[in-house]
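Text of target_32.cif (mmCIF, C-alpha atoms (C1' of nucleotides)) as supplied:
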```
data_entry
loop_
_atom_site.label_atom_id
_atom_site.label_comp_id
_atom_site.auth_asym_id
_atom_site.auth_seq_id
_atom_site.Cartn_x
_atom_site.Cartn_y
_atom_site.Cartn_z
CA MET A 9 0.00 0.00 0.00
CA SER A 10 3.05 2.23 0.03
CA VAL A 11 2.63 3.36 -3.54
CA GLN A 12 -0.93 4.39 -2.95
CA GLU A 13 0.01 6.24 0.18
CA ARG A 14 2.66 8.18 -1.64
CA LYS A 15 0.17 9.15 -4.31
CA GLU A 16 -2.34 10.30 -1.77
CA ARG A 17 0.32 12.33 -0.05
CA GLU A 18 1.32 13.94 -3.33
CA ARG A 19 -2.31 14.70 -4.10
CA ALA A 20 -2.77 16.35 -0.74
CA ASP A 21 0.40 18.36 -1.26
CA ARG A 22 -0.81 19.53 -4.62
CA GLU A 23 -4.17 20.50 -3.20
CA ARG A 24 -2.45 22.61 -0.57
CA LEU A 25 -0.33 24.12 -3.32
CA ILE A 26 -3.43 25.08 -5.27
CA VAL A 27 -5.05 26.78 -2.29
CA ALA A 28 -1.85 28.55 -1.26
CA THR A 29 -1.22 29.74 -4.81
CA ALA A 30 -4.77 30.97 -5.25
CA ARG A 31 -4.49 32.90 -2.02
CA GLU A 32 -1.12 34.34 -2.94
CA LEU A 33 -2.30 35.39 -6.37
CA ALA A 34 -5.47 36.93 -4.96
CA GLU A 35 -3.51 38.82 -2.35
CA GLN A 36 -1.07 40.10 -4.94
CA GLN A 37 -3.40 41.06 -7.78
CA GLY A 38 -6.95 40.62 -6.50
CA TRP A 39 -9.43 37.82 -7.03
CA ASP A 40 -10.21 38.97 -10.57
CA ALA A 41 -6.71 37.93 -11.51
CA VAL A 42 -7.24 34.45 -10.12
CA THR A 43 -8.34 32.72 -13.31
CA THR A 44 -8.16 28.99 -13.74
CA ARG A 45 -5.57 29.42 -16.47
CA ARG A 46 -3.26 31.63 -14.46
CA LEU A 47 -3.66 29.43 -11.41
CA ALA A 48 -2.89 26.34 -13.44
CA GLU A 49 0.17 27.97 -14.94
CA ARG A 50 1.51 28.96 -11.52
CA ILE A 51 1.21 25.47 -10.09
CA GLU A 52 2.71 24.14 -13.33
CA TYR A 53 -0.19 21.90 -14.22
CA SER A 54 -2.94 22.18 -16.77
CA GLN A 55 -6.38 23.54 -15.91
CA PRO A 56 -8.27 20.23 -15.73
CA VAL A 57 -6.08 19.23 -12.79
CA LEU A 58 -7.81 21.91 -10.74
CA TYR A 59 -11.13 20.22 -11.40
CA SER A 60 -9.87 16.91 -10.11
CA HIS A 61 -9.41 18.60 -6.72
CA PHE A 62 -12.28 21.08 -6.66
CA ARG A 63 -15.65 21.27 -8.32
CA GLY A 64 -14.81 24.69 -9.65
CA LYS A 65 -13.48 28.08 -8.84
CA ARG A 66 -16.05 28.57 -6.10
CA GLU A 67 -14.72 25.67 -4.12
CA ILE A 68 -11.20 27.01 -4.37
CA ILE A 69 -12.40 30.30 -2.94
CA GLY A 70 -14.17 28.33 -0.25
CA ALA A 71 -10.97 26.50 0.64
CA VAL A 72 -9.12 29.79 1.02
CA ALA A 73 -11.97 31.05 3.17
CA LEU A 74 -11.74 28.07 5.50
CA GLU A 75 -8.01 28.51 5.83
CA GLY A 76 -8.58 32.16 6.64
CA ALA A 77 -11.26 31.35 9.21
CA ALA A 78 -8.86 29.11 11.08
CA GLU A 79 -6.18 31.78 11.08
CA MET A 80 -8.58 34.46 12.18
CA ALA A 81 -9.81 32.31 15.04
CA ALA A 82 -6.23 31.82 16.16
CA ALA A 83 -5.42 35.52 15.84
CA VAL A 84 -8.49 36.52 17.84
CA ARG A 85 -7.76 34.01 20.59
CA ALA A 86 -4.12 35.05 20.77
CA ALA A 87 -5.08 38.70 21.08
CA ALA A 88 -7.64 38.03 23.78
CA ALA A 89 -5.21 35.86 25.71
CA SER A 90 -2.39 38.37 25.58
CA ALA A 91 -4.56 41.05 27.16
CA ALA A 92 -4.77 39.74 30.68
CA ASP A 93 -5.95 42.79 32.59
CA GLY A 94 -9.71 42.66 32.53
CA PRO A 95 -12.48 42.15 30.01
CA ARG A 96 -12.24 45.63 28.58
CA ALA A 97 -8.67 45.17 27.40
CA ARG A 98 -9.60 41.77 26.03
CA VAL A 99 -12.48 43.10 23.97
CA THR A 100 -10.41 45.97 22.63
CA ALA A 101 -7.62 43.60 21.69
CA LEU A 102 -10.12 41.31 19.99
CA ALA A 103 -11.60 44.14 17.95
CA ARG A 104 -8.17 45.35 16.90
CA ALA A 105 -7.08 41.84 15.99
CA TYR A 106 -10.20 41.30 13.88
CA LEU A 107 -9.83 44.55 11.95
CA ASP A 108 -6.11 44.03 11.63
CA PHE A 109 -6.63 40.60 10.13
CA ALA A 110 -9.11 41.98 7.62
CA ALA A 111 -6.76 44.80 6.66
CA ARG A 112 -3.70 42.59 6.32
CA ASN A 113 -5.44 39.80 4.42
CA PRO A 114 -7.98 41.57 2.24
CA ALA A 115 -8.24 38.80 -0.32
CA VAL A 116 -8.78 36.15 2.33
CA TYR A 117 -11.35 38.32 4.04
CA ASP A 118 -13.12 38.72 0.70
CA ALA A 119 -13.13 34.97 0.24
CA MET A 120 -14.69 34.57 3.66
CA PHE A 121 -17.42 37.17 3.47
CA GLN A 122 -17.58 39.03 0.20
CA LEU A 123 -17.32 36.33 -2.43
CA ASP A 124 -19.35 33.24 -2.98
CA GLY A 125 -17.31 30.33 -1.76
CA GLY A 126 -20.30 28.05 -1.63
CA LEU A 127 -20.10 27.77 2.14
CA ALA A 128 -23.02 27.33 4.48
CA PHE A 129 -23.24 29.64 7.44
CA ALA A 130 -25.21 29.43 10.64
CA LYS A 131 -26.56 26.07 9.69
CA ALA A 132 -26.09 22.46 10.68
CA ASP A 133 -23.66 21.72 7.87
CA THR A 134 -21.51 24.75 8.51
CA PRO A 135 -17.83 23.77 8.21
CA GLU A 136 -15.99 23.44 11.49
CA PRO A 137 -13.49 26.30 11.00
CA LEU A 138 -16.34 28.76 10.55
CA LYS A 139 -18.14 27.62 13.64
CA ASP A 140 -14.88 27.75 15.54
CA ALA A 141 -14.13 31.29 14.39
CA PHE A 142 -17.49 32.38 15.72
CA ALA A 143 -16.78 30.45 18.91
CA ALA A 144 -13.51 32.34 19.31
CA LEU A 145 -15.41 35.61 19.23
CA LEU A 146 -18.04 34.27 21.59
CA GLU A 147 -15.47 33.26 24.20
CA THR A 148 -14.41 36.82 24.80
CA LEU A 149 -17.54 38.71 23.85
CA GLY A 150 -19.96 36.48 25.71
CA GLU A 151 -18.81 37.75 29.07
CA VAL A 152 -19.52 41.38 28.23
CA ALA A 153 -22.95 40.87 26.71
CA GLY A 154 -24.66 42.35 29.75
CA ASP A 155 -27.43 41.03 31.95
CA GLY A 156 -30.35 39.38 30.23
CA VAL A 157 -28.75 39.56 26.80
CA HIS A 158 -28.12 36.33 24.98
CA PRO A 159 -24.33 35.96 24.50
CA GLY A 160 -24.75 34.56 21.01
CA LEU A 161 -26.98 37.39 19.90
CA PHE A 162 -24.60 39.94 21.36
CA THR A 163 -21.67 38.32 19.58
CA GLU A 164 -23.59 38.44 16.32
CA VAL A 165 -24.19 42.16 16.69
CA PHE A 166 -20.61 42.90 17.71
CA TRP A 167 -19.31 40.79 14.88
CA ALA A 168 -21.59 42.50 12.37
CA SER A 169 -20.32 45.88 13.53
CA LEU A 170 -16.70 44.83 13.13
CA HIS A 171 -17.53 43.38 9.74
CA GLY A 172 -19.15 46.63 8.67
CA LEU A 173 -16.14 48.65 9.75
CA ALA A 174 -13.77 46.25 8.02
CA THR A 175 -15.56 46.20 4.69
CA LEU A 176 -16.45 49.86 4.49
CA THR A 177 -12.94 50.90 5.42
CA ARG A 178 -11.32 48.61 2.93
CA ALA A 179 -13.68 49.61 0.14
CA GLY A 180 -12.79 53.25 0.69
CA ARG A 181 -16.26 54.00 2.00
CA LEU A 182 -14.84 55.21 5.31
CA PRO A 183 -11.80 57.46 5.58
CA PRO A 184 -8.96 55.39 7.02
CA GLU A 185 -7.57 57.95 9.44
CA HIS A 186 -9.89 57.48 12.41
CA THR A 187 -10.05 53.71 12.46
CA GLU A 188 -8.72 53.51 16.00
CA ARG A 189 -11.21 56.04 17.35
CA ARG A 190 -14.08 54.19 15.68
CA THR A 191 -12.93 50.94 17.23
CA GLU A 192 -12.77 52.47 20.69
CA LEU A 193 -16.20 54.00 20.33
CA LEU A 194 -17.66 50.68 19.30
CA VAL A 195 -16.10 48.83 22.21
CA ASP A 196 -17.07 51.51 24.72
CA ARG A 197 -20.70 51.50 23.70
CA LEU A 198 -21.42 47.88 22.85
CA ALA A 199 -19.61 46.05 25.63
CA MET A 200 -21.05 46.16 29.14
CA LEU A 201 -18.00 46.51 31.36
CA MET B 6 -32.72 73.78 -32.08
CA SER B 7 -35.88 71.73 -31.75
CA VAL B 8 -34.56 68.67 -33.52
CA GLN B 9 -31.46 68.57 -31.40
CA GLU B 10 -33.50 69.02 -28.26
CA ARG B 11 -35.71 66.10 -29.19
CA LYS B 12 -32.66 63.93 -29.77
CA GLU B 13 -31.17 64.85 -26.45
CA ARG B 14 -34.46 64.08 -24.75
CA GLU B 15 -34.62 60.70 -26.44
CA ARG B 16 -31.07 59.98 -25.40
CA ALA B 17 -31.84 60.84 -21.80
CA ASP B 18 -34.92 58.65 -21.91
CA ARG B 19 -32.93 55.76 -23.24
CA GLU B 20 -30.29 56.21 -20.58
CA ARG B 21 -32.95 56.03 -17.88
CA LEU B 22 -34.33 52.95 -19.59
CA ILE B 23 -30.93 51.29 -19.45
CA VAL B 24 -30.49 51.96 -15.75
CA ALA B 25 -34.04 50.92 -14.89
CA THR B 26 -33.74 47.74 -16.93
CA ALA B 27 -30.39 46.85 -15.39
CA ARG B 28 -31.84 47.34 -11.95
CA GLU B 29 -34.93 45.31 -12.74
CA LEU B 30 -32.93 42.49 -14.23
CA ALA B 31 -30.51 42.47 -11.29
CA GLU B 32 -33.37 42.43 -8.82
CA GLN B 33 -35.05 39.58 -10.65
CA GLN B 34 -32.13 37.31 -11.41
CA GLY B 35 -29.09 38.78 -9.67
CA TRP B 36 -26.26 40.87 -11.03
CA ASP B 37 -24.59 37.87 -12.65
CA ALA B 38 -27.51 37.73 -15.05
CA VAL B 39 -27.00 41.35 -16.05
CA THR B 40 -24.83 40.84 -19.09
CA THR B 41 -24.42 43.43 -21.78
CA ARG B 42 -26.15 41.16 -24.26
CA ARG B 43 -29.19 40.48 -22.14
CA LEU B 44 -29.42 44.11 -21.16
CA ALA B 45 -29.18 45.18 -24.78
CA GLU B 46 -31.85 42.72 -25.79
CA ARG B 47 -34.23 43.94 -23.11
CA ILE B 48 -33.96 47.56 -24.15
CA GLU B 49 -34.24 46.44 -27.77
CA TYR B 50 -30.97 47.94 -28.91
CA SER B 51 -27.63 46.41 -29.74
CA GLN B 52 -24.81 46.19 -27.23
CA PRO B 53 -22.68 49.05 -28.56
CA VAL B 54 -25.49 51.44 -27.70
CA LEU B 55 -24.79 50.78 -24.03
CA TYR B 56 -21.25 51.99 -24.55
CA SER B 57 -22.42 55.24 -26.04
CA HIS B 58 -24.04 55.99 -22.68
CA PHE B 59 -21.65 54.37 -20.22
CA ARG B 60 -17.98 53.50 -20.28
CA GLY B 61 -18.82 49.95 -19.41
CA LYS B 62 -20.74 47.68 -17.11
CA ARG B 63 -19.15 49.25 -14.04
CA GLU B 64 -20.64 52.62 -14.82
CA ILE B 65 -24.08 51.09 -15.24
CA ILE B 66 -23.77 49.53 -11.80
CA GLY B 67 -22.65 52.91 -10.52
CA ALA B 68 -25.73 54.57 -12.00
CA VAL B 69 -27.99 52.07 -10.25
CA ALA B 70 -26.09 52.71 -7.04
CA LEU B 71 -26.65 56.45 -7.25
CA GLU B 72 -30.34 55.95 -7.87
CA GLY B 73 -30.46 53.67 -4.85
CA ALA B 74 -28.61 56.13 -2.66
CA ALA B 75 -31.18 58.79 -3.40
CA GLU B 76 -34.02 56.43 -2.56
CA MET B 77 -32.38 55.27 0.62
CA ALA B 78 -31.82 58.84 1.75
CA ALA B 79 -35.50 59.54 1.19
CA ALA B 80 -36.57 56.36 2.99
CA VAL B 81 -34.38 57.13 5.97
CA ARG B 82 -35.61 60.72 6.21
CA ALA B 83 -39.23 59.63 5.91
CA ALA B 84 -38.82 57.07 8.66
CA ALA B 85 -37.15 59.51 10.99
CA ALA B 86 -39.77 62.14 10.33
CA SER B 87 -42.69 59.81 10.93
CA ALA B 88 -41.42 58.90 14.39
CA ALA B 89 -42.16 62.09 16.23
CA ASP B 90 -41.90 61.04 19.85
CA GLY B 91 -38.33 61.48 20.86
CA PRO B 92 -34.89 60.65 19.53
CA ARG B 93 -35.05 57.01 20.56
CA ALA B 94 -38.02 56.24 18.34
CA ARG B 95 -36.37 58.18 15.53
CA VAL B 96 -33.16 56.17 15.72
CA THR B 97 -35.04 52.87 15.88
CA ALA B 98 -37.15 53.87 12.91
CA LEU B 99 -34.03 54.87 11.01
CA ALA B 100 -32.33 51.57 11.71
CA ARG B 101 -35.38 49.60 10.65
CA ALA B 102 -35.76 51.68 7.50
CA TYR B 103 -32.13 51.13 6.57
CA LEU B 104 -32.24 47.38 7.05
CA ASP B 105 -35.61 47.20 5.37
CA PHE B 106 -34.30 49.01 2.33
CA ALA B 107 -31.35 46.64 2.10
CA ALA B 108 -33.62 43.61 2.43
CA ARG B 109 -36.16 44.82 -0.10
CA ASN B 110 -33.64 46.00 -2.68
CA PRO B 111 -30.79 43.53 -2.43
CA ALA B 112 -29.46 44.14 -5.92
CA VAL B 113 -29.46 47.89 -5.45
CA TYR B 114 -27.76 47.51 -2.09
CA ASP B 115 -25.14 45.33 -3.73
CA ALA B 116 -24.57 47.96 -6.38
CA MET B 117 -24.06 50.56 -3.68
CA PHE B 118 -21.72 48.69 -1.37
CA GLN B 119 -20.80 45.24 -2.55
CA LEU B 120 -19.96 45.67 -6.20
CA ASP B 121 -17.49 47.93 -7.89
CA GLY B 122 -19.45 50.74 -9.43
CA GLY B 123 -16.38 52.90 -9.84
CA LEU B 124 -17.68 55.44 -7.36
CA ALA B 125 -15.57 57.55 -5.04
CA PHE B 126 -16.54 57.61 -1.40
CA ALA B 127 -15.61 59.94 1.41
CA LYS B 128 -13.65 62.13 -0.95
CA ALA B 129 -13.97 65.49 -2.59
CA ASP B 130 -15.35 64.08 -5.83
CA THR B 131 -17.94 61.88 -4.15
CA PRO B 132 -21.22 62.09 -6.08
CA GLU B 133 -23.91 64.19 -4.45
CA PRO B 134 -26.46 61.40 -3.80
CA LEU B 135 -23.91 59.48 -1.75
CA LYS B 136 -22.99 62.47 0.35
CA ASP B 137 -26.67 63.21 0.82
CA ALA B 138 -27.43 59.66 1.95
CA PHE B 139 -24.78 59.97 4.61
CA ALA B 140 -26.18 63.36 5.53
CA ALA B 141 -29.61 61.80 5.99
CA LEU B 142 -28.16 59.40 8.52
CA LEU B 143 -26.23 62.19 10.21
CA GLU B 144 -29.33 64.31 10.70
CA THR B 145 -30.92 61.79 13.03
CA LEU B 146 -27.86 60.05 14.44
CA GLY B 147 -25.89 63.20 15.14
CA GLU B 148 -28.12 64.15 18.02
CA VAL B 149 -27.58 60.87 19.87
CA ALA B 150 -23.82 60.71 19.48
CA GLY B 151 -23.27 61.58 23.12
CA ASP B 152 -21.15 64.26 24.75
CA GLY B 153 -17.70 64.78 23.37
CA VAL B 154 -18.22 62.38 20.49
CA HIS B 155 -17.91 63.73 16.99
CA PRO B 156 -21.31 63.31 15.27
CA GLY B 157 -19.73 62.32 11.97
CA LEU B 158 -17.59 59.65 13.60
CA PHE B 159 -20.56 58.30 15.51
CA THR B 160 -22.63 58.16 12.34
CA GLU B 161 -19.87 56.26 10.60
CA VAL B 162 -19.80 53.65 13.36
CA PHE B 163 -23.57 53.32 13.48
CA TRP B 164 -23.75 53.08 9.72
CA ALA B 165 -21.01 50.44 9.63
CA SER B 166 -22.93 48.38 12.18
CA LEU B 167 -26.12 48.57 10.16
CA HIS B 168 -24.17 47.69 7.04
CA GLY B 169 -22.67 44.69 8.76
CA LEU B 170 -26.06 43.45 9.89
CA ALA B 171 -27.53 44.02 6.44
CA THR B 172 -24.82 42.19 4.52
CA LEU B 173 -24.31 39.31 6.91
CA THR B 174 -28.03 38.69 7.18
CA ARG B 175 -28.57 38.77 3.47
CA ALA B 176 -25.61 36.53 2.75
CA GLY B 177 -26.99 33.93 5.13
CA ARG B 178 -24.17 34.51 7.60
CA LEU B 179 -26.64 35.46 10.32
CA PRO B 180 -29.85 33.54 11.00
CA PRO B 181 -32.76 35.73 9.92
CA GLU B 182 -35.07 35.09 12.85
CA HIS B 183 -33.68 37.53 15.41
CA THR B 184 -33.17 40.52 13.16
CA GLU B 185 -35.46 42.70 15.21
CA ARG B 186 -33.78 41.86 18.51
CA ARG B 187 -30.37 42.56 17.02
CA THR B 188 -31.57 45.92 15.79
CA GLU B 189 -32.92 46.85 19.21
CA LEU B 190 -29.73 45.79 20.91
CA LEU B 191 -27.68 47.90 18.54
CA VAL B 192 -29.84 50.97 19.06
CA ASP B 193 -29.95 50.54 22.83
CA ARG B 194 -26.20 50.29 23.17
CA LEU B 195 -24.88 52.67 20.54
CA ALA B 196 -27.22 55.60 20.88
CA MET B 197 -26.91 57.85 23.93
CA LEU B 198 -30.48 58.61 24.87
"C1'" DT C 11 7.30 -7.95 -20.91
"C1'" DC C 12 2.54 -7.03 -21.57
"C1'" DG C 13 -1.96 -5.12 -20.58
"C1'" DC C 14 -4.57 -1.99 -18.07
"C1'" DT C 15 -5.78 1.50 -14.92
"C1'" DT C 16 -4.86 5.94 -13.54
"C1'" DG C 17 -3.70 10.42 -14.32
"C1'" DT C 18 -2.64 14.37 -17.33
"C1'" DC C 19 -2.86 17.28 -21.35
"C1'" DT C 20 -4.52 19.32 -25.77
"C1'" DA C 21 -8.26 21.26 -27.79
"C1'" DG C 22 -12.56 23.23 -27.79
"C1'" DC C 23 -17.43 24.89 -26.21
"C1'" DG C 24 -20.44 28.52 -24.86
"C1'" DA C 25 -20.54 32.94 -22.69
"C1'" DT C 26 -18.43 37.21 -21.10
"C1'" DG C 27 -17.04 42.48 -21.69
"C1'" DC C 28 -15.84 45.36 -25.14
"C1'" DT C 29 -14.67 47.41 -30.00
"C1'" DA C 30 -13.81 48.19 -35.03
"C1'" DG C 31 -15.84 49.19 -39.32
"C1'" DG C 32 -19.47 49.31 -42.40
"C1'" DA C 33 -24.39 50.39 -43.36
"C1'" DT C 34 -28.33 53.28 -42.88
"C1'" DC C 35 -31.09 56.98 -41.81
"C1'" DG C 36 -32.31 61.72 -41.45
"C1'" DA C 37 -31.19 66.64 -41.50
"C1'" DA C 38 -29.41 70.50 -44.00
"C1'" DT C 39 -27.98 72.54 -48.47
"C1'" DT C 40 -28.16 73.63 -53.28
"C1'" DA D 5 -36.77 68.13 -54.85
"C1'" DA D 6 -32.43 65.92 -55.23
"C1'" DT D 7 -28.05 65.37 -53.07
"C1'" DT D 8 -24.60 65.53 -49.83
"C1'" DC D 9 -22.92 64.57 -45.41
"C1'" DG D 10 -22.75 63.65 -40.62
"C1'" DA D 11 -24.63 61.31 -36.83
"C1'" DT D 12 -26.36 56.89 -35.25
"C1'" DC D 13 -26.75 52.17 -34.97
"C1'" DC D 14 -25.79 47.29 -35.99
"C1'" DT D 15 -23.13 43.18 -37.58
"C1'" DA D 16 -19.23 40.78 -36.73
"C1'" DG D 17 -15.39 39.73 -34.22
"C1'" DC D 18 -11.50 39.73 -30.47
"C1'" DA D 19 -9.54 38.15 -26.24
"C1'" DT D 20 -10.66 35.99 -22.13
"C1'" DC D 21 -13.50 33.52 -18.88
"C1'" DG D 22 -15.07 28.82 -16.42
"C1'" DC D 23 -15.44 24.34 -17.58
"C1'" DT D 24 -15.25 19.63 -20.15
"C1'" DA D 25 -14.57 15.83 -23.62
"C1'" DG D 26 -11.53 12.80 -25.53
"C1'" DA D 27 -6.85 11.54 -26.81
"C1'" DC D 28 -2.60 10.20 -24.88
"C1'" DA D 29 1.09 8.56 -21.86
"C1'" DA D 30 3.04 6.96 -17.63
"C1'" DG D 31 3.42 3.65 -14.20
"C1'" DC D 32 1.32 -0.09 -11.84
"C1'" DG D 33 0.38 -5.33 -11.18
"C1'" DA D 34 0.62 -9.78 -13.36
#
```
Written as structure tokens, how would this file's structure read?
Amino acid sequence: MSVQERKERERADRERLIVATARELAEQQGWDAVTTRRLAERIEYSQPVLYSHFRGKREIIGAVALEGAAEMAAAVRAAAASAADGPRARVTALARAYLDFAARNPAVYDAMFQLDGGLAFAKADTPEPLKDAFAALLETLGEVAGDGVHPGLFTEVFWASLHGLATLTRAGRLPPEHTERRTELLVDRLAML
Amino acid sequence: MSVQERKERERADRERLIVATARELAEQQGWDAVTTRRLAERIEYSQPVLYSHFRGKREIIGAVALEGAAEMAAAVRAAAASAADGPRARVTALARAYLDFAARNPAVYDAMFQLDGGLAFAKADTPEPLKDAFAALLETLGEVAGDGVHPGLFTEVFWASLHGLATLTRAGRLPPEHTERRTELLVDRLAML
DNA sequence: TCGCTTGTCTAGCGATGCTAGGATCGAATT
DNA sequence: AATTCGATCCTAGCATCGCTAGACAAGCGA
């Protein structure tokens, strides 16, 4: 079975290569530049190979989104953990980490929320990384929801606000200079400290 | 000059027809279905005619976005005006009107914020309808910003939160059942009443 | 060494946004 | 009233897109 194992390993490697290359290309030149031809050329295979790993371009975007969700969950947890002194500092750190992730990985953030990656959200068949990313937010935000407010609902609202700030800022809809002040205002008002 | 005037009038009519048809088609079948060919067929002209009015598809999206911005500004102002009893009711009505507009006109909302319509935001050359839509929000939200908080900054944050709720809900990222409770939570926490 | 499965590539389909160049129509002039 | 001429519109086509069929070759087990 050694031959088969080697082949499976090579296949898995190539799949990772596809996702990593798509992400890299999207981050460099935007998702419009991620065509199946260019992607195939970069991984040094022909286009049909892509379709032996993914159903189509959508699934490739979805794979990048899942990768991003895992990273974001880690980034958010790390930020919350590093701010030891009280819930306020934790929430602020979380908000900054979220917006920072979106700003530093715009293409990945697009894959997660802006583009159609064919992923199910808030449903039973939601992929694990997505549920876990939400859980990471919930861990810190749940404790500042306030009395009588459902932690999940509060997290949804806080998340939506962060998402709005992230997208509008990145799309040039909000001037970039007062990002920090907007973040502080949001934390001050939404979180019950 | 009568002949020329008639021609200009016909041109303006046709331009309105293009924008209205694009909007209608997008609202019916999504923006992906709005191709230059289909659009041309619906207005009963050939494709090149579209390019004598707009630089390309982007500009058509932008035109729909501007139309939508004007309508949203009107909807928001009407909602705020109809809620006479105190700032709290005004802000709640505004939030509901905003989210309602986004839910009822998903394609137009996409044109405004999700798609690239080639429009400049938060800059000197921002088109008037966009500035006016923000002004409509500012009129009601400015008075609940709280002491020492810049009204414009507060409006940006509130707007971003509404935008986040609107997009995440519509994209299926948030379960639709608790929309109203989320709205109330947002208003309760953000607005200083 | 042979046959066969598995995997990969070449070539091509329909559809996209956009454009060049010719045809046609109507207004103005003689 | 006939003719010229300019504006207007359409046919046809280009490059590129996502995706797929079918030919081909490589590497396995017998």
Check: On this structure, which residues satisfy the PyMOL selection byres ((chain D) within 10 of (chain B)), written as a list in words?
Finding: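 Against this file, the PyMOL selection byres ((chain D) within 10 of (chain B)) returns the residues DT12, DC13, DC14 and DT15 of chain D.
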Item checked: Residue nearest chain A - candidates B:Leu198, B:Ala141, B:Ala108, B:Phe118, atoms counted: all atoms listed in the file ->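 Among the listed residues, B:Phe118 lies closest to chain A.
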Check: What separation in Å, quoted to one decimal, exists between atom CA of A:Ala105 and atom CA of B:Asp193?
Finding: 25.4 Å
Note to self: I'd like to know which of A:Leu123, A:Ala81, A:Ile51, A:Leu146 is closest to chain B, using all atoms listed in the file.
What the structure shows: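 Result for the nearest residue to chain B: A:Leu123.
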Item checked: Residues in the PyMOL selection byres ((chain A) within 7 of (chain B)), expressed as number ranges by chain -> A: 129-130, 161, 165, 168-169, 171-173, 176, 180-183, 190, 194, 197-198
Proximity check chain C to chain B, 12 Å, nearest pairs one decimal Å, all atoms listed in the file, as CSV:
```
residue,atom,partner,partner_atom,distance
C:DA25,C1',B:Thr40,CA,9.7
C:DT26,C1',B:Thr40,CA,7.6
C:DG27,C1',B:Thr41,CA,7.4
C:DC28,C1',B:Gly61,CA,7.9
C:DT29,C1',B:Pro53,CA,8.3
C:DA30,C1',B:Pro53,CA,11.0
C:DG36,C1',B:Val8,CA,10.8
C:DA37,C1',B:Val8,CA,8.9
C:DA38,C1',B:Val8,CA,11.8
```
Next item on the list: Provide the atom CA of B:Asp18 to atom CA of B:Glu49 distance in Å, to one decimal place.
Entry: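 Atom CA of B:Asp18 sits 13.6 Å away from atom CA of B:Glu49.
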Next item on the list: Counting only C-alpha atoms (C1' of nucleotides), write as an NGL selection string all protein and nucleic acid residues lying at most 9 Å from (-25.1, 51.4, -4.8) in the file's frame.
Entry: :B and (66-74 or 112-122 or 124 or 135)
Next item on the list: With the file shown as input, list the residues that the PyMOL selection byres ((chain D and resi 7) around 12) selects, as a PyMOL selection string.
Entry: (chain C and resi 38-40) or (chain D and resi 5-6+8-9)
Check: Do you have the atom CA of B:Leu99-atom CA of B:Thr160 distance handy?
Finding: 11.9 Å
Item checked: Using only C-alpha atoms: which of A:Arg24, A:Arg31, A:Arg96, A:Arg46 has the shortest distance to A:Ala153 -> A:Arg96
Check: Which neighbours of stretch 20-24 of chain C fall inside 12 Å, counting all atoms listed in the file, when residues of the same chain fewer than 6 positions from it are skipped, and could you give them as number ranges by chain?
Finding: A: 54-56; D: 21-28
Next item on the list: Considering all atoms listed in the file, state which residue in the set A:Val152, A:Asp40, A:Glu18, A:Glu23 is at the smallest distance from A:Ala97.
Entry: A:Val152
Quick one: 8 Å padding each side, axis-aligned, all listed atoms of stretch 15-29 of chain A - centre and edge lengths in Å to one decimal, as lines of an AutoDock Vina configuration file?
```
center_x = -1.9
center_y = 19.4
center_z = -2.7
size_x = 22.4
size_y = 36.6
size_z = 21.2
```
Margin query: Using only C-alpha atoms (C1' of nucleotides) - which residues lie no farther than 9 Å from the point (6.5, -1.3, -17.3) in the file's frame? Write them as a ChimeraX atom specification.
Written below: /C:11-12 /D:30-32
N, CA and C atoms modelled onto stretch 144-152 of chain A, as a PDB file, in the frame of the given file:
```
ATOM      1  N   ALA A 144     -14.624  31.551  18.773  1.00  0.00           N
ATOM      2  CA  ALA A 144     -13.510  32.340  19.310  1.00  0.00           C
ATOM      3  C   ALA A 144     -13.986  33.739  19.700  1.00  0.00           C
ATOM      4  N   LEU A 145     -14.861  34.303  18.884  1.00  0.00           N
ATOM      5  CA  LEU A 145     -15.410  35.610  19.230  1.00  0.00           C
ATOM      6  C   LEU A 145     -16.285  35.502  20.470  1.00  0.00           C
ATOM      7  N   LEU A 146     -17.084  34.461  20.487  1.00  0.00           N
ATOM      8  CA  LEU A 146     -18.040  34.270  21.590  1.00  0.00           C
ATOM      9  C   LEU A 146     -17.339  34.136  22.937  1.00  0.00           C
ATOM     10  N   GLU A 147     -16.187  33.485  22.938  1.00  0.00           N
ATOM     11  CA  GLU A 147     -15.470  33.260  24.200  1.00  0.00           C
ATOM     12  C   GLU A 147     -15.181  34.558  24.933  1.00  0.00           C
ATOM     13  N   THR A 148     -14.746  35.538  24.168  1.00  0.00           N
ATOM     14  CA  THR A 148     -14.410  36.820  24.800  1.00  0.00           C
ATOM     15  C   THR A 148     -15.616  37.735  24.919  1.00  0.00           C
ATOM     16  N   LEU A 149     -16.432  37.753  23.872  1.00  0.00           N
ATOM     17  CA  LEU A 149     -17.540  38.710  23.850  1.00  0.00           C
ATOM     18  C   LEU A 149     -18.708  38.261  24.730  1.00  0.00           C
ATOM     19  N   GLY A 150     -18.832  36.973  24.930  1.00  0.00           N
ATOM     20  CA  GLY A 150     -19.960  36.480  25.710  1.00  0.00           C
ATOM     21  C   GLY A 150     -20.008  37.031  27.119  1.00  0.00           C
ATOM     22  N   GLU A 151     -18.840  37.308  27.669  1.00  0.00           N
ATOM     23  CA  GLU A 151     -18.810  37.750  29.070  1.00  0.00           C
ATOM     24  C   GLU A 151     -19.047  39.251  29.238  1.00  0.00           C
ATOM     25  N   VAL A 152     -19.206  39.959  28.122  1.00  0.00           N
ATOM     26  CA  VAL A 152     -19.520  41.380  28.230  1.00  0.00           C
ATOM     27  C   VAL A 152     -20.850  41.698  27.557  1.00  0.00           C
TER      28      VAL A 152
END
```
